[in-house]
Amino acid sequence: MEKTGIRKTQVSGVAAGAAVHLTALRKHYGDVHAVDGVDLTIAPGEIVALLGPNGAGKSTTVDMILGLTKPDHGEVTIFGSSPDKAVSQGAIGAMLQGGALLEDATVFEMVAMVASLHRKPMPIKDALRRAGIEDLAGRRSSKLSGGQKQRVRFAVALVSDPDLLLLDEPTAAMDVGTRREFWKSMYEYTASGRTVLFATHYLEEAEEFADRVVLMRAGRIVADGSVAEVRALAGGRTIHAVVPGVTEPVIAGLPAVTAYELRDGRVAVSSSDSDTTLRALLTRYPDVHDIEIAAVGLEGAFLSLTSDEIVTPRESEPSR
Amino acid sequence: MSLTYVRLEITRTFRNTRFVLFAIAFPVLLFLLQAGLFAKSGAPEHDAVAAALMVNMMAFGTISGAMSVGGRLAVERAAGWQRQLRLTPLTGPGYLGGKAISGMLVALPALILVPLVGTLFQGVHLGPGAWLHIVLGTWLGAIPFVLLGLLLGQFGTVDSMQPVNMLVTMVMGFLGGLWIPIDGMPAWMHTVAEALPSYWLIQVARGAVTQDRTASLATAAGVLAIFAAVFGAAMIRRYRKDSARV
């Protein structure tokens, strides 16, 4: 991706004004390279989706941005200062993954308590309204559904009126309807120019709500671009067919193949241009049968992007 | 730290039925029961015995209240609420300090109710100076127990906190002379009791009601201060380690 290279050279100049600026960020847990050299600059007002499978390093990256985890190497700056400083100024709000609420407190009590710790919070009623939980104010959190709890945590995250919101898998416990409503309220909030970084499993959410998508795999950024760019990368179809006598090198050598699977003469080929792939396949093996062609589901496309070497990282590090 | 934080801590404590029973109702009832058993009405030593029992039960209620902070700390650690609070300007000392203050405040009901019952129903009569000595002494003596609660809360899980707190309270209660008055203790038990902070908490107040088996106020306060320093240092050390780990 040429474009990201350009973005990177601009970084040093805008670092001070960036909402989030990560340089050569690394974190190891024993032998596990949770985050293995991440450079990322997010401009104020951007809405960025951080995508990746489990274990890609999303949460560790989020934790380092928040200052909850200390990087082994590299630097984090938030609006030009350290995470700790940004936190103490109330510039960052976050929904952490798996964070629970106080079972013995009401929604209002929790939001009000967090508000009281900040210097310039928004009115508690505003936070509740924005999160769509005004009607739950007096309820104990032990009596809330999973989706409702997430919204309370959203209210807790935004009551400090932060400039940067970090959401780690915010819709994990929500059904489709609740998820839509959640993003709607999120959207209203960000319309006022706030910066948002959210980690998610759902490519649909990234497509719908993010200006920019950052894909992580094995602790590195493997793709970074506008939603349209990443969608183009993720496009393509899958061909299923029974191909007697076929071998792996032949499949891999077919044109436009991005990924494949071969089992007992049955192949599943992901292709960025299924017509070309299929023509080539039929030319080599005229007796191919049981052909099925399906558009790659978003889920599958995302997997192919994050589990393959085919999408090359924007630049190989670390010799800097 | 904020007033709202401390207030919510206290509200949450009083919502806990176990706390209300164990740290408020239980000491009052046990006092009435023990006074009925051991302080024979009409006997010349009745008032002195009742007053000594009252001091014991005030200490017991205070310990239960003070140590209740541990349970909430363990819950907040497990639930990730502590991490959420680290994303606010609340500092580590502010977080622990708020818990400690709330622990001191929720220790007060027993400290007030037990003497009230003692005065109204058991004929305990003391001068203002003695009252001040007992109430203030026991209250300040709760400090090491708040710190112990905060220490245990950082080691315990949500599930283990209840039995751990129970065990600690039992040991403090039985062996420290709260439930079995030291007046009737055999010599070996008395030796064991002297190793426990609960024994010294009684000793802080006991001087106001009797001189029998009573250490000097300075000694008792000194021993409790040492316990407070040890528990406090361990607690802060553990907190630093715990928050650096994540």
# chains A, B, ... in the order shown; residues from 1 in each chain; ligands from 1
>>> interface_residues(of="chain A", to="chain B", cutoff="10 Å", atoms="only C-alpha atoms", output="PyMOL selection string")
chain A and resi 63+66-70+83-106+109-110+112-119+153+156-157+160
>>> write_last_selection(atoms="C-alpha atoms", output="short mmCIF file (atom, residue, chain, number, x, y, z; two decimals), in the first residue's frame")
data_model
loop_
_atom_site.label_atom_id
_atom_site.label_comp_id
_atom_site.auth_asym_id
_atom_site.auth_seq_id
_atom_site.Cartn_x
_atom_site.Cartn_y
_atom_site.Cartn_z
CA ASP A 63 -3.82 -0.89 27.03
CA LEU A 66 -4.20 4.10 27.91
CA GLY A 67 -1.07 3.71 29.98
CA LEU A 68 -2.41 0.59 31.71
CA THR A 69 0.46 -1.42 30.24
CA LYS A 70 4.01 -0.16 29.90
CA PRO A 83 -0.89 8.60 28.43
CA ASP A 84 -0.80 9.23 32.19
CA LYS A 85 -1.04 12.94 31.66
CA ALA A 86 -3.82 12.58 29.12
CA VAL A 87 -5.72 10.37 31.57
CA SER A 88 -5.31 12.79 34.45
CA GLN A 89 -6.61 15.59 32.23
CA GLY A 90 -9.64 13.51 31.36
CA ALA A 91 -8.70 13.58 27.67
CA ILE A 92 -9.20 9.82 27.25
CA GLY A 93 -12.32 7.80 27.84
CA ALA A 94 -12.34 4.06 27.42
CA MET A 95 -14.49 1.00 27.43
CA LEU A 96 -12.18 -1.82 28.41
CA GLN A 97 -12.66 -5.37 27.34
CA GLY A 98 -14.38 -7.55 29.92
CA GLY A 99 -14.65 -4.68 32.37
CA ALA A 100 -17.59 -5.17 34.67
CA LEU A 101 -19.63 -2.80 36.77
CA LEU A 102 -20.31 -2.54 40.47
CA GLU A 103 -23.10 -5.03 41.16
CA ASP A 104 -24.24 -3.22 44.28
CA ALA A 105 -24.46 0.26 42.76
CA THR A 106 -27.02 1.87 40.49
CA GLU A 109 -24.34 6.20 41.12
CA MET A 110 -21.57 4.71 39.04
CA ALA A 112 -21.89 10.13 38.94
CA MET A 113 -18.98 8.69 40.89
CA VAL A 114 -16.71 8.55 37.84
CA ALA A 115 -17.86 12.07 36.88
CA SER A 116 -16.93 13.34 40.34
CA LEU A 117 -13.36 12.15 39.84
CA HIS A 118 -12.90 14.21 36.68
CA ARG A 119 -12.22 17.91 36.57
CA ARG A 153 -19.80 1.38 30.39
CA VAL A 156 -18.78 5.82 32.13
CA ALA A 157 -16.29 6.26 29.28
CA SER A 160 -15.41 12.93 31.31
#
>>> residues_around(residues="range 29-34 of chain A", least_positions_apart="3", cutoff="12 Å", atoms="only C-alpha atoms", output="compact mmCIF listing (two decimals) with N, CA and C atoms, in the first residue's frame")
# COMPACT_ATOMS: atom_id res chain seq x y z
N LEU A 25 6.20 0.50 18.73
CA LEU A 25 5.67 -0.02 19.98
C LEU A 25 5.81 -1.54 20.07
N ARG A 26 6.37 -2.00 21.17
CA ARG A 26 6.54 -3.43 21.37
C ARG A 26 6.17 -3.83 22.78
N GLY A 37 6.15 -4.14 17.18
CA GLY A 37 6.57 -3.07 16.29
C GLY A 37 5.40 -2.39 15.60
N VAL A 38 4.67 -1.58 16.34
CA VAL A 38 3.51 -0.91 15.76
C VAL A 38 3.78 0.60 15.67
N ASN A 54 -8.41 -12.80 17.42
CA ASN A 54 -7.97 -12.88 18.81
C ASN A 54 -6.47 -13.11 18.86
N GLY A 55 -5.82 -12.42 19.77
CA GLY A 55 -4.38 -12.60 19.90
C GLY A 55 -3.58 -11.77 18.92
N ALA A 56 -4.25 -10.89 18.18
CA ALA A 56 -3.53 -10.07 17.20
C ALA A 56 -2.77 -8.94 17.87
N GLY A 57 -3.11 -8.64 19.13
CA GLY A 57 -2.42 -7.57 19.85
C GLY A 57 -3.26 -6.31 20.00
N LYS A 58 -4.54 -6.41 19.66
CA LYS A 58 -5.40 -5.22 19.73
C LYS A 58 -5.52 -4.70 21.16
N SER A 59 -5.88 -5.59 22.07
CA SER A 59 -6.10 -5.16 23.45
C SER A 59 -4.82 -4.66 24.10
N THR A 60 -3.71 -5.32 23.81
CA THR A 60 -2.44 -4.87 24.37
C THR A 60 -2.11 -3.47 23.85
N THR A 61 -2.37 -3.25 22.56
CA THR A 61 -2.14 -1.92 21.99
C THR A 61 -3.01 -0.88 22.69
N VAL A 62 -4.28 -1.22 22.85
CA VAL A 62 -5.21 -0.30 23.52
C VAL A 62 -4.72 -0.01 24.94
N ASP A 63 -4.31 -1.06 25.66
CA ASP A 63 -3.82 -0.89 27.03
C ASP A 63 -2.59 0.02 27.10
N MET A 64 -1.75 -0.09 26.10
CA MET A 64 -0.55 0.77 26.11
C MET A 64 -0.91 2.22 25.80
N THR A 69 -0.65 -0.51 30.45
CA THR A 69 0.46 -1.42 30.24
C THR A 69 1.64 -0.59 29.76
N LYS A 70 2.81 -0.89 30.32
CA LYS A 70 4.01 -0.16 29.90
C LYS A 70 4.64 -0.88 28.72
N PRO A 71 4.93 -0.16 27.64
CA PRO A 71 5.59 -0.81 26.50
C PRO A 71 7.01 -1.22 26.86
N ASP A 72 7.48 -2.33 26.26
CA ASP A 72 8.88 -2.71 26.43
C ASP A 72 9.76 -1.75 25.65
N HIS A 73 9.22 -1.30 24.55
CA HIS A 73 9.99 -0.46 23.64
C HIS A 73 9.02 0.43 22.89
N MET A 216 -4.67 -5.73 12.22
CA MET A 216 -3.52 -6.28 12.96
C MET A 216 -3.50 -7.79 12.87
N ARG A 217 -2.31 -8.32 12.80
CA ARG A 217 -2.14 -9.76 12.89
C ARG A 217 -0.81 -10.03 13.56
N ALA A 218 -0.81 -10.93 14.52
CA ALA A 218 0.42 -11.33 15.22
C ALA A 218 1.25 -10.14 15.68
N GLY A 219 0.57 -9.15 16.25
CA GLY A 219 1.29 -8.03 16.86
C GLY A 219 1.76 -6.96 15.90
N ARG A 220 1.40 -7.09 14.62
CA ARG A 220 1.82 -6.07 13.66
C ARG A 220 0.63 -5.54 12.88
N ARG B 245 1.74 -4.84 37.38
CA ARG B 245 1.67 -6.10 36.64
C ARG B 245 0.80 -5.99 35.39
N VAL B 246 -0.33 -5.30 35.49
CA VAL B 246 -1.31 -5.32 34.41
C VAL B 246 -0.80 -4.71 33.12
>>> closest_residue(among="B:Phe38, B:Ile10, B:Ala110, B:Leu32", to="Val69 in chain B", atoms="only C-alpha atoms")
B:Ile10
>>> select_by_dssp(residues="range 98-258 of chain A", states="strand (DSSP E)", output="PyMOL selection string")
chain A and resi 164-168+195-200+212-217+220-226+237-242+257-258
>>> write_last_selection(atoms="C-alpha atoms", output="CSV table (one decimal), in the first residue's frame")
chain,number,residue,atom,x,y,z
A,164,LEU,CA,-10.3,10.6,22.5
A,165,LEU,CA,-12.5,7.5,23.0
A,166,LEU,CA,-11.0,4.0,23.0
A,167,LEU,CA,-13.5,1.2,22.7
A,168,ASP,CA,-12.3,-2.3,23.1
A,195,THR,CA,-11.4,11.0,17.9
A,196,VAL,CA,-12.4,7.4,18.2
A,197,LEU,CA,-10.3,4.2,18.1
A,198,PHE,CA,-12.3,1.0,18.4
A,199,ALA,CA,-11.2,-2.6,18.3
A,200,THR,CA,-13.6,-5.1,16.9
A,212,ARG,CA,-10.1,4.2,8.4
A,213,VAL,CA,-9.3,0.6,9.1
A,214,VAL,CA,-6.2,-0.7,10.7
A,215,LEU,CA,-5.7,-4.5,10.4
A,216,MET,CA,-3.5,-6.3,13.0
A,217,ARG,CA,-2.1,-9.8,12.9
A,220,ARG,CA,1.8,-6.1,13.7
A,221,ILE,CA,-0.2,-3.8,11.4
A,222,VAL,CA,-0.8,-5.7,8.2
A,223,ALA,CA,-3.0,-3.2,6.4
A,224,ASP,CA,-4.0,0.4,7.0
A,225,GLY,CA,-6.1,2.4,4.8
A,226,SER,CA,-9.5,3.9,4.1
A,237,ARG,CA,-15.1,-14.9,-4.3
A,238,THR,CA,-14.6,-18.5,-3.3
A,239,ILE,CA,-14.8,-21.3,-5.7
A,240,HIS,CA,-15.7,-24.8,-4.4
A,241,ALA,CA,-15.2,-27.7,-6.7
A,242,VAL,CA,-14.2,-31.3,-6.9
A,257,VAL,CA,-5.7,-17.0,-5.9
A,258,THR,CA,-5.5,-15.4,-2.5
>>> select_by_dssp(residues="range 75-319 of chain A", states="helix (DSSP H, G or I)", output="ChimeraX atom specification")
/A:83-88,107-117,124-130,134-136,141-143,146-158,176-190,203-209,227-234,248-253,274-284,298-307
>>> atom_distance(atom1="CA of Leu203 in chain A", atom2="CA of Leu51 in chain A")
7.4 Å
>>> decode(residues="range 79-124 of chain B", atoms="C-alpha atoms", output="PDB file, in the first residue's frame")
ATOM      1  CA  ALA B  79     -14.425  -7.025  37.923  1.00  0.00           C
ATOM      2  CA  GLY B  80     -11.932  -4.737  36.212  1.00  0.00           C
ATOM      3  CA  TRP B  81     -13.481  -1.734  37.927  1.00  0.00           C
ATOM      4  CA  GLN B  82     -10.101  -0.882  39.400  1.00  0.00           C
ATOM      5  CA  ARG B  83      -8.675  -0.675  35.878  1.00  0.00           C
ATOM      6  CA  GLN B  84     -11.563   1.526  34.823  1.00  0.00           C
ATOM      7  CA  LEU B  85     -10.822   3.878  37.714  1.00  0.00           C
ATOM      8  CA  ARG B  86      -7.195   4.035  36.671  1.00  0.00           C
ATOM      9  CA  LEU B  87      -8.486   5.844  33.582  1.00  0.00           C
ATOM     10  CA  THR B  88      -9.678   8.703  35.783  1.00  0.00           C
ATOM     11  CA  PRO B  89      -7.587  11.297  37.634  1.00  0.00           C
ATOM     12  CA  LEU B  90      -8.072   9.198  40.791  1.00  0.00           C
ATOM     13  CA  THR B  91      -4.611   8.141  41.958  1.00  0.00           C
ATOM     14  CA  GLY B  92      -3.670   4.892  43.651  1.00  0.00           C
ATOM     15  CA  PRO B  93      -3.351   6.591  47.066  1.00  0.00           C
ATOM     16  CA  GLY B  94      -6.678   8.316  46.398  1.00  0.00           C
ATOM     17  CA  TYR B  95      -8.346   5.008  45.633  1.00  0.00           C
ATOM     18  CA  LEU B  96      -6.964   3.243  48.693  1.00  0.00           C
ATOM     19  CA  GLY B  97      -7.430   6.306  50.865  1.00  0.00           C
ATOM     20  CA  GLY B  98     -11.103   6.548  49.928  1.00  0.00           C
ATOM     21  CA  LYS B  99     -11.553   2.888  50.794  1.00  0.00           C
ATOM     22  CA  ALA B 100      -9.761   3.407  54.122  1.00  0.00           C
ATOM     23  CA  ILE B 101     -11.868   6.420  55.072  1.00  0.00           C
ATOM     24  CA  SER B 102     -15.063   4.585  54.209  1.00  0.00           C
ATOM     25  CA  GLY B 103     -13.833   1.641  56.309  1.00  0.00           C
ATOM     26  CA  MET B 104     -13.340   3.949  59.285  1.00  0.00           C
ATOM     27  CA  LEU B 105     -16.769   5.481  58.807  1.00  0.00           C
ATOM     28  CA  VAL B 106     -18.694   2.215  58.487  1.00  0.00           C
ATOM     29  CA  ALA B 107     -17.046   1.088  61.733  1.00  0.00           C
ATOM     30  CA  LEU B 108     -18.937   3.837  63.554  1.00  0.00           C
ATOM     31  CA  PRO B 109     -22.463   2.363  63.881  1.00  0.00           C
ATOM     32  CA  ALA B 110     -21.327  -0.462  66.170  1.00  0.00           C
ATOM     33  CA  LEU B 111     -19.181   1.998  68.066  1.00  0.00           C
ATOM     34  CA  ILE B 112     -22.269   4.065  68.831  1.00  0.00           C
ATOM     35  CA  LEU B 113     -24.994   1.430  69.091  1.00  0.00           C
ATOM     36  CA  VAL B 114     -23.262  -0.910  71.525  1.00  0.00           C
ATOM     37  CA  PRO B 115     -22.629   1.833  74.128  1.00  0.00           C
ATOM     38  CA  LEU B 116     -26.173   3.101  73.620  1.00  0.00           C
ATOM     39  CA  VAL B 117     -27.558  -0.344  74.441  1.00  0.00           C
ATOM     40  CA  GLY B 118     -25.093  -0.569  77.335  1.00  0.00           C
ATOM     41  CA  THR B 119     -26.341   2.688  78.803  1.00  0.00           C
ATOM     42  CA  LEU B 120     -30.025   2.056  78.232  1.00  0.00           C
ATOM     43  CA  PHE B 121     -30.317  -1.620  79.163  1.00  0.00           C
ATOM     44  CA  GLN B 122     -27.227  -2.676  81.070  1.00  0.00           C
ATOM     45  CA  GLY B 123     -26.731   0.225  83.407  1.00  0.00           C
ATOM     46  CA  VAL B 124     -23.286   1.182  82.186  1.00  0.00           C
TER      47      VAL B 124
END
